[in-house]
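**Student:** Quick one, run-v8.cif (mmCIF, C-alpha atoms):
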```
data_start
#
loop_
_atom_site.label_atom_id
_atom_site.label_comp_id
_atom_site.auth_asym_id
_atom_site.auth_seq_id
_atom_site.Cartn_x
_atom_site.Cartn_y
_atom_site.Cartn_z
CA MET A 27 168.85 100.95 171.12
CA TYR A 28 170.15 97.51 170.37
CA ALA A 29 173.80 96.59 170.80
CA GLN A 30 175.62 95.41 167.73
CA ASN A 31 174.76 91.79 166.90
CA GLU A 32 171.98 91.76 169.51
CA PRO A 33 168.95 89.98 168.04
CA VAL A 34 165.80 92.01 167.57
CA LEU A 35 162.92 89.97 168.93
CA VAL A 36 159.99 90.02 166.52
CA PRO A 37 156.62 88.97 167.94
CA ASP A 38 155.38 85.79 166.35
CA ALA A 39 152.16 85.62 164.35
CA VAL A 40 149.59 83.17 165.68
CA ASP A 41 149.04 79.87 163.93
CA TYR A 42 146.26 80.18 161.35
CA GLN A 43 144.28 77.38 163.04
CA LYS A 44 143.55 79.78 165.94
CA LEU A 45 141.94 82.31 163.58
CA LEU A 46 139.76 79.97 161.49
CA PRO A 47 136.95 79.80 164.13
CA ILE A 48 136.63 83.61 163.98
CA LEU A 49 135.40 83.40 160.38
CA PRO A 50 131.60 83.24 160.75
CA ASP A 51 129.23 80.66 159.33
CA ALA A 52 127.06 81.72 156.40
CA PRO A 53 124.02 83.84 157.30
CA GLN A 54 120.58 82.46 156.49
CA GLY A 55 120.04 82.20 152.73
CA TRP A 56 123.79 82.21 152.02
CA THR A 57 126.39 79.48 151.51
CA ALA A 58 130.03 79.57 152.59
CA ASP A 59 133.12 77.89 151.28
CA LYS A 60 135.30 76.01 153.73
CA PRO A 61 137.56 78.53 155.52
CA ASP A 62 141.21 78.33 154.59
CA GLY A 63 144.41 79.83 155.88
CA SER A 64 148.15 79.62 156.19
CA THR A 65 151.08 80.58 158.37
CA GLU A 66 154.23 81.14 156.35
CA ASP A 67 157.78 82.28 156.94
CA VAL A 68 158.31 85.45 154.94
CA GLY A 69 161.64 87.24 155.04
CA GLY A 70 162.51 86.24 158.59
CA PHE A 71 159.08 86.59 160.17
CA ARG A 72 155.87 84.62 160.18
CA LEU A 73 152.74 85.81 158.42
CA THR A 74 149.29 84.37 159.11
CA ASN A 75 146.24 84.84 156.91
CA VAL A 76 142.76 83.23 156.95
CA HIS A 77 139.95 83.67 154.44
CA ARG A 78 136.38 82.59 153.70
CA ASP A 79 134.06 83.26 150.74
CA TYR A 80 130.27 83.56 150.92
CA ARG A 81 127.58 83.73 148.23
CA LYS A 82 123.84 84.17 148.06
CA GLY A 83 122.35 82.04 145.32
CA GLU A 84 123.81 80.62 142.13
CA GLY A 85 125.10 82.35 139.02
CA ASP A 86 127.53 85.06 138.04
CA ASN A 87 125.86 88.19 139.43
CA VAL A 88 124.75 87.00 142.86
CA PRO A 89 125.76 88.91 146.00
CA THR A 90 129.10 87.73 147.39
CA ALA A 91 131.17 88.45 150.48
CA ALA A 92 134.74 87.60 151.45
CA ILE A 93 136.23 87.88 154.93
CA SER A 94 139.98 87.81 155.54
CA ILE A 95 142.09 88.23 158.66
CA LEU A 96 145.81 88.99 158.48
CA ASP A 97 148.00 88.82 161.60
CA SER A 98 150.49 91.63 161.07
CA VAL A 99 152.06 91.60 164.57
CA ALA A 100 155.50 91.01 163.08
CA ASN A 101 155.34 94.18 160.98
CA PRO A 102 154.36 97.18 163.17
CA ASP A 103 155.57 99.66 160.50
CA TYR A 104 152.99 98.25 158.07
CA VAL A 105 150.28 98.59 160.73
CA SER A 106 151.09 102.23 161.49
CA ALA A 107 151.51 103.25 157.83
CA THR A 108 148.25 101.61 156.78
CA THR A 109 146.12 102.92 159.64
CA ALA A 110 147.58 106.43 159.18
CA ALA A 111 146.35 106.38 155.56
CA TRP A 112 142.85 105.64 156.87
CA ASN A 113 142.52 109.24 158.04
CA ASN A 114 141.81 110.36 154.48
CA THR A 115 138.15 110.79 153.53
CA SER A 116 136.83 111.48 150.05
CA GLU A 117 133.59 111.36 148.10
CA THR A 118 133.31 111.53 144.32
CA SER A 119 130.79 110.52 141.70
CA GLU A 120 132.60 107.17 141.58
CA GLY A 121 132.08 106.41 145.29
CA TYR A 122 133.57 107.23 148.67
CA SER A 123 136.22 106.29 151.19
CA LYS A 124 136.05 107.22 154.86
CA SER A 125 137.44 106.51 158.30
CA VAL A 126 135.18 104.49 160.59
CA THR A 127 135.33 103.16 164.14
CA ILE A 128 133.88 99.70 164.82
CA ASN A 129 133.51 98.80 168.52
CA GLY A 130 136.42 101.11 169.36
CA ASN A 131 138.63 99.71 166.58
CA PRO A 132 139.93 102.01 163.80
CA GLY A 133 138.78 101.18 160.31
CA PHE A 134 138.29 102.34 156.77
CA GLU A 135 135.36 101.87 154.38
CA ALA A 136 135.38 102.27 150.61
CA PHE A 137 132.59 102.00 148.05
CA GLU A 138 132.89 101.98 144.26
CA LYS A 139 129.61 103.12 142.75
CA PRO A 140 128.33 101.74 139.48
CA PRO A 141 128.67 104.61 136.95
CA GLU A 142 124.96 104.86 136.07
CA LEU A 143 123.66 104.71 139.67
CA ASP A 144 123.43 108.47 140.31
CA LYS A 145 121.46 109.07 137.13
CA LEU A 146 119.03 106.23 137.94
CA GLN A 147 118.52 107.46 141.51
CA GLN A 148 117.79 110.99 140.25
CA GLU A 149 115.28 109.57 137.80
CA ARG A 150 113.63 107.59 140.61
CA SER A 151 113.40 110.74 142.79
CA LYS A 152 111.57 112.55 139.98
CA LEU A 153 109.18 109.64 139.51
CA LEU A 154 108.44 109.45 143.24
CA THR A 155 107.46 113.13 143.42
CA ALA A 156 105.56 113.24 140.11
CA LYS A 157 101.78 113.64 140.13
CA PRO A 158 100.15 111.31 139.27
CA ARG A 159 102.56 108.57 140.40
CA ASP A 160 103.46 106.09 137.69
CA GLU A 161 103.90 102.87 139.69
CA SER A 162 104.92 100.92 136.61
CA ALA A 163 107.73 103.39 135.82
CA ILE A 164 108.84 103.36 139.49
CA ALA A 165 108.97 99.55 139.46
CA ASP A 166 110.97 99.67 136.22
CA ILE A 167 113.52 102.17 137.57
CA ASN A 168 113.86 100.14 140.78
CA ARG A 169 114.69 97.07 138.67
CA LYS A 170 117.31 99.13 136.80
CA ILE A 171 118.82 100.33 140.10
CA ASP A 172 118.94 96.74 141.38
CA GLN A 173 120.65 95.72 138.13
CA ALA A 174 123.16 98.59 138.43
CA MET A 175 123.98 97.54 142.00
CA LEU A 176 125.30 94.27 140.59
CA ALA A 177 128.44 96.22 139.76
CA ALA A 178 128.76 97.65 143.29
CA HIS A 179 131.94 96.85 145.22
CA SER A 180 132.55 97.82 148.85
CA THR A 181 135.26 97.02 151.37
CA LEU A 182 135.68 97.50 155.10
CA TRP A 183 139.03 97.18 156.86
CA VAL A 184 139.24 97.10 160.67
CA MET A 185 142.41 97.00 162.79
CA VAL A 186 141.85 94.81 165.85
CA ALA A 187 144.24 94.75 168.85
CA ASN A 188 146.91 96.61 166.84
CA ARG A 189 147.77 93.42 164.98
CA TYR A 190 144.81 91.91 163.09
CA PHE A 191 143.63 93.39 159.80
CA LEU A 192 140.06 92.28 159.25
CA GLN A 193 138.86 92.81 155.68
CA ILE A 194 135.27 92.38 154.53
CA GLU A 195 134.69 92.72 150.80
CA LEU A 196 131.21 92.79 149.26
CA GLN A 197 130.18 92.50 145.63
CA ASN A 198 126.67 93.23 144.30
CA GLN A 199 125.41 94.57 147.64
CA ASP A 200 124.58 97.90 149.21
CA PRO A 201 127.61 99.18 151.18
CA LYS A 202 125.36 99.44 154.27
CA GLU A 203 125.59 95.64 154.40
CA LEU A 204 129.23 95.98 155.52
CA GLN A 205 127.94 96.90 158.99
CA GLU A 206 125.83 93.73 159.10
CA TRP A 207 128.76 91.56 158.03
CA VAL A 208 131.19 93.01 160.60
CA LYS A 209 128.66 92.23 163.37
CA ARG A 210 129.02 88.54 162.44
CA VAL A 211 132.72 88.58 163.35
CA ASP A 212 133.50 88.34 167.09
CA LEU A 213 135.98 91.23 167.31
CA LYS A 214 136.40 90.84 171.07
CA LYS A 215 137.33 87.17 170.71
CA LEU A 216 139.70 88.04 167.85
CA ALA A 217 141.46 90.66 170.01
CA GLU A 218 142.08 88.05 172.73
CA ILE A 219 143.88 85.57 170.43
CA LYS A 220 147.62 85.58 171.04
#
```
Would you kindly transcribe this structure into structure tokens?
**Tutor:**
Amino acid sequence: MYAQNEPVLVPDAVDYQKLLPILPDAPQGWTADKPDGSTEDVGGFRLTNVHRDYRKGEGDNVPTAAISILDSVANPDYVSATTAAWNNTSETSEGYSKSVTINGNPGFEAFEKPPELDKLQQERSKLLTAKPRDESAIADINRKIDQAMLAAHSTLWVMVANRYFLQIELQNQDPKELQEWVKRVDLKKLAEIK
């Protein structure tokens, strides 16, 4: 309990400059934008956010990734409400969402499936078991699946040290790639930043 007029001490978010080195360099075959960030006063407390975009190749439909880190130390209610919602798991024809644990840190993964992907994968399964195998048709359906995956969108959120929200967002990639991207972020080093 706080006495009347006693100030409530709110922990201070770290300066964004401390978080920028956590954003990884581009993996081989990818390019990365310059990382950016900010620390702002918002309604009486400081909020820090850093972000970096990555892309593989040139053009509109190339695979992309975005990594963001938000220091939410000043808003513990937001942390508890958000991580509590991560206990919900669902799977539909449109995709899935599920709780995950990454190196002991709670997280949440979501994937939005391209609408035609299930049908194409069923068609590929039939072609793979058909006798005789039609390699040309299999190659064609694989191209169609690759094309459909261009509409894939997946996101991974991880809570680190009860203060940092790490978000990895992928476009035009298999959701399994989220696990590869999170390995590029030094979660232990992030947890130690104060």
**Student:** Ranking A:Lys220, A:Ile194, A:Asp160, A:Thr155 by minimum distance to Ala39 of chain A and counting all atoms listed in the file, which one comes first?
**Tutor:**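 Answer, going by the shortest atom-to-atom distance: A:Lys220.
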**Student:** Using only C-alpha atoms, which residue out of A:Asp103, A:Glu84, A:Glu135, A:Glu161 lies closest to Gly55 of chain A?
**Tutor:**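 Residue with the minimum atom-to-atom distance to Gly55 of chain A: A:Glu84.
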**Student:** Since I can't run it myself right now, could you work out what the PyMOL selection byres ((chain A and resi 50) around 10) selects here and report it as an mmCIF file with C-alpha atoms, in the frame of the given file?
**Tutor:**
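Done, and the output landed in result_17.cif:
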```cif
data_model
loop_
_atom_site.group_PDB
_atom_site.id
_atom_site.type_symbol
_atom_site.label_atom_id
_atom_site.label_comp_id
_atom_site.auth_asym_id
_atom_site.auth_seq_id
_atom_site.Cartn_x
_atom_site.Cartn_y
_atom_site.Cartn_z
ATOM 1 C CA LEU A 46 139.760 79.970 161.490
ATOM 2 C CA PRO A 47 136.950 79.800 164.130
ATOM 3 C CA ILE A 48 136.630 83.610 163.980
ATOM 4 C CA LEU A 49 135.400 83.400 160.380
ATOM 5 C CA ASP A 51 129.230 80.660 159.330
ATOM 6 C CA ALA A 52 127.060 81.720 156.400
ATOM 7 C CA PRO A 53 124.020 83.840 157.300
ATOM 8 C CA ALA A 58 130.030 79.570 152.590
ATOM 9 C CA PRO A 61 137.560 78.530 155.520
ATOM 10 C CA ARG A 78 136.380 82.590 153.700
ATOM 11 C CA TYR A 80 130.270 83.560 150.920
ATOM 12 C CA ILE A 93 136.230 87.880 154.930
ATOM 13 C CA TRP A 207 128.760 91.560 158.030
ATOM 14 C CA VAL A 208 131.190 93.010 160.600
ATOM 15 C CA LYS A 209 128.660 92.230 163.370
ATOM 16 C CA ARG A 210 129.020 88.540 162.440
ATOM 17 C CA VAL A 211 132.720 88.580 163.350
ATOM 18 C CA ASP A 212 133.500 88.340 167.090
#
```
**Student:** Return as a PyMOL selection string the set of residues that the PyMOL selection byres ((chain A and resi 98-101) around 10) yields on the displayed structure.
**Tutor:** chain A and resi 35-40+70-75+95-97+102-106+185+187-191+220
**Student:** Pick the closest to Pro140 of chain A from A:Leu216, A:Leu204, A:Ala174, A:Ala163: which is it, counting all atoms listed in the file?
**Tutor:**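 Closest candidate: A:Ala174.
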**Student:** Looking at A:Phe137, A:Trp183, A:Trp56, A:Tyr42, which one is nearest to Glu117 of chain A, with distances taken over all atoms listed in the file?
**Tutor:**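 Under the stated criterion, the closest residue is A:Phe137.
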**Student:** Of the candidates A:Ala111, A:Ile164, A:Val76, A:Pro201, which shows the shortest atom-to-atom distance to Ser151 of chain A, using only C-alpha atoms?
**Tutor:** A:Ile164
**Student:** My list of candidates is A:Ser123, A:Thr90, A:Thr109, A:Gln54. Which is closest to Asp200 of chain A when distances are computed with only C-alpha atoms?
**Tutor:**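 Of A:Ser123, A:Thr90, A:Thr109, A:Gln54, the one nearest Asp200 of chain A is A:Thr90, counting only C-alpha atoms.
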**Student:** Can you list, as number ranges by chain, the residues that the PyMOL selection byres ((chain A and resi 138) around 8) selects here?
**Tutor:** A: 120-122, 136-137, 139-140, 178-180
**Student:** Produce a file of the selected residues containing C-alpha atoms, as a PDB file, in the frame of the given file.
**Tutor:**
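Result file is selection08.pdb:
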```
ATOM      1  CA  GLU A 120     132.600 107.170 141.580  1.00  0.00           C
ATOM      2  CA  GLY A 121     132.080 106.410 145.290  1.00  0.00           C
ATOM      3  CA  TYR A 122     133.570 107.230 148.670  1.00  0.00           C
ATOM      4  CA  ALA A 136     135.380 102.270 150.610  1.00  0.00           C
ATOM      5  CA  PHE A 137     132.590 102.000 148.050  1.00  0.00           C
ATOM      6  CA  LYS A 139     129.610 103.120 142.750  1.00  0.00           C
ATOM      7  CA  PRO A 140     128.330 101.740 139.480  1.00  0.00           C
ATOM      8  CA  ALA A 178     128.760  97.650 143.290  1.00  0.00           C
ATOM      9  CA  HIS A 179     131.940  96.850 145.220  1.00  0.00           C
ATOM     10  CA  SER A 180     132.550  97.820 148.850  1.00  0.00           C
TER      11      SER A 180
END
```
**Student:** Distance atom CA of His77 of chain A-atom CA of Gly130 of chain A, one decimal place?
**Tutor:** 23.2 Å
**Student:** What's around Asp144 of chain A at 10 Å? Count all atoms listed in the file, leave out sequence neighbours fewer than 6 positions away in its own chain, and write the answer as a VMD selection string.
**Tutor:** chain A and resid 119 to 120 150 171
**Student:** Box along x, y and z, 5 Å on every side, all listed atoms of segment 36-54 of chain A inside: centre and edge lengths in Å to one decimal, as lines of an AutoDock Vina configuration file.
**Tutor:**
```
center_x = 140.3
center_y = 83.7
center_z = 162.2
size_x = 49.4
size_y = 22.6
size_z = 21.5
```
**Student:** Work out how far atom CA of Lys82 of chain A is from atom CA of Gln148 of chain A, in Å to one decimal.
**Tutor:**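 Atom CA of Lys82 of chain A lies 28.6 Å from atom CA of Gln148 of chain A.
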**Student:** Could you state the separation of atom CA of Glu142 of chain A and atom CA of Gln199 of chain A in Å, given to one decimal place?
**Tutor:**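 Interatomic distance, atom CA of Glu142 of chain A to atom CA of Gln199 of chain A: 15.5 Å.
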**Student:** Generate N, CA and C atoms for segment 152-170 of chain A and emit them as a short mmCIF file (atom, residue, chain, number, x, y, z; two decimals), keeping the file's coordinate frame.
**Tutor:**
```
data_model
loop_
_atom_site.label_atom_id
_atom_site.label_comp_id
_atom_site.auth_asym_id
_atom_site.auth_seq_id
_atom_site.Cartn_x
_atom_site.Cartn_y
_atom_site.Cartn_z
N LYS A 152 112.56 111.82 140.77
CA LYS A 152 111.57 112.55 139.98
C LYS A 152 110.27 111.78 139.88
N LEU A 153 110.38 110.47 139.64
CA LEU A 153 109.18 109.64 139.51
C LEU A 153 108.39 109.58 140.83
N LEU A 154 109.11 109.55 141.95
CA LEU A 154 108.44 109.45 143.24
C LEU A 154 107.68 110.71 143.61
N THR A 155 108.13 111.87 143.09
CA THR A 155 107.46 113.13 143.42
C THR A 155 106.47 113.57 142.34
N ALA A 156 106.45 112.86 141.21
CA ALA A 156 105.56 113.24 140.11
C ALA A 156 104.09 112.97 140.48
N LYS A 157 103.23 113.81 139.97
CA LYS A 157 101.78 113.64 140.13
C LYS A 157 101.19 113.48 138.75
N PRO A 158 100.42 112.50 138.45
CA PRO A 158 100.15 111.31 139.27
C PRO A 158 101.37 110.39 139.26
N ARG A 159 101.45 109.53 140.29
CA ARG A 159 102.56 108.57 140.40
C ARG A 159 102.40 107.45 139.39
N ASP A 160 103.46 107.18 138.67
CA ASP A 160 103.46 106.09 137.69
C ASP A 160 104.15 104.88 138.33
N GLU A 161 103.35 104.02 138.96
CA GLU A 161 103.90 102.87 139.69
C GLU A 161 104.67 101.93 138.78
N SER A 162 104.23 101.80 137.55
CA SER A 162 104.92 100.92 136.61
C SER A 162 106.32 101.46 136.31
N ALA A 163 106.42 102.78 136.09
CA ALA A 163 107.73 103.39 135.82
C ALA A 163 108.63 103.31 137.05
N ILE A 164 108.06 103.47 138.25
CA ILE A 164 108.84 103.36 139.49
C ILE A 164 109.38 101.94 139.64
N ALA A 165 108.53 100.95 139.38
CA ALA A 165 108.97 99.55 139.46
C ALA A 165 110.09 99.28 138.46
N ASP A 166 109.96 99.85 137.26
CA ASP A 166 110.97 99.67 136.22
C ASP A 166 112.31 100.28 136.63
N ILE A 167 112.27 101.51 137.17
CA ILE A 167 113.52 102.17 137.57
C ILE A 167 114.15 101.44 138.76
N ASN A 168 113.32 100.92 139.66
CA ASN A 168 113.86 100.14 140.78
C ASN A 168 114.57 98.89 140.29
N ARG A 169 114.02 98.24 139.26
CA ARG A 169 114.69 97.07 138.67
C ARG A 169 116.04 97.48 138.06
N LYS A 170 116.06 98.64 137.40
CA LYS A 170 117.31 99.13 136.80
C LYS A 170 118.35 99.45 137.88
#
```
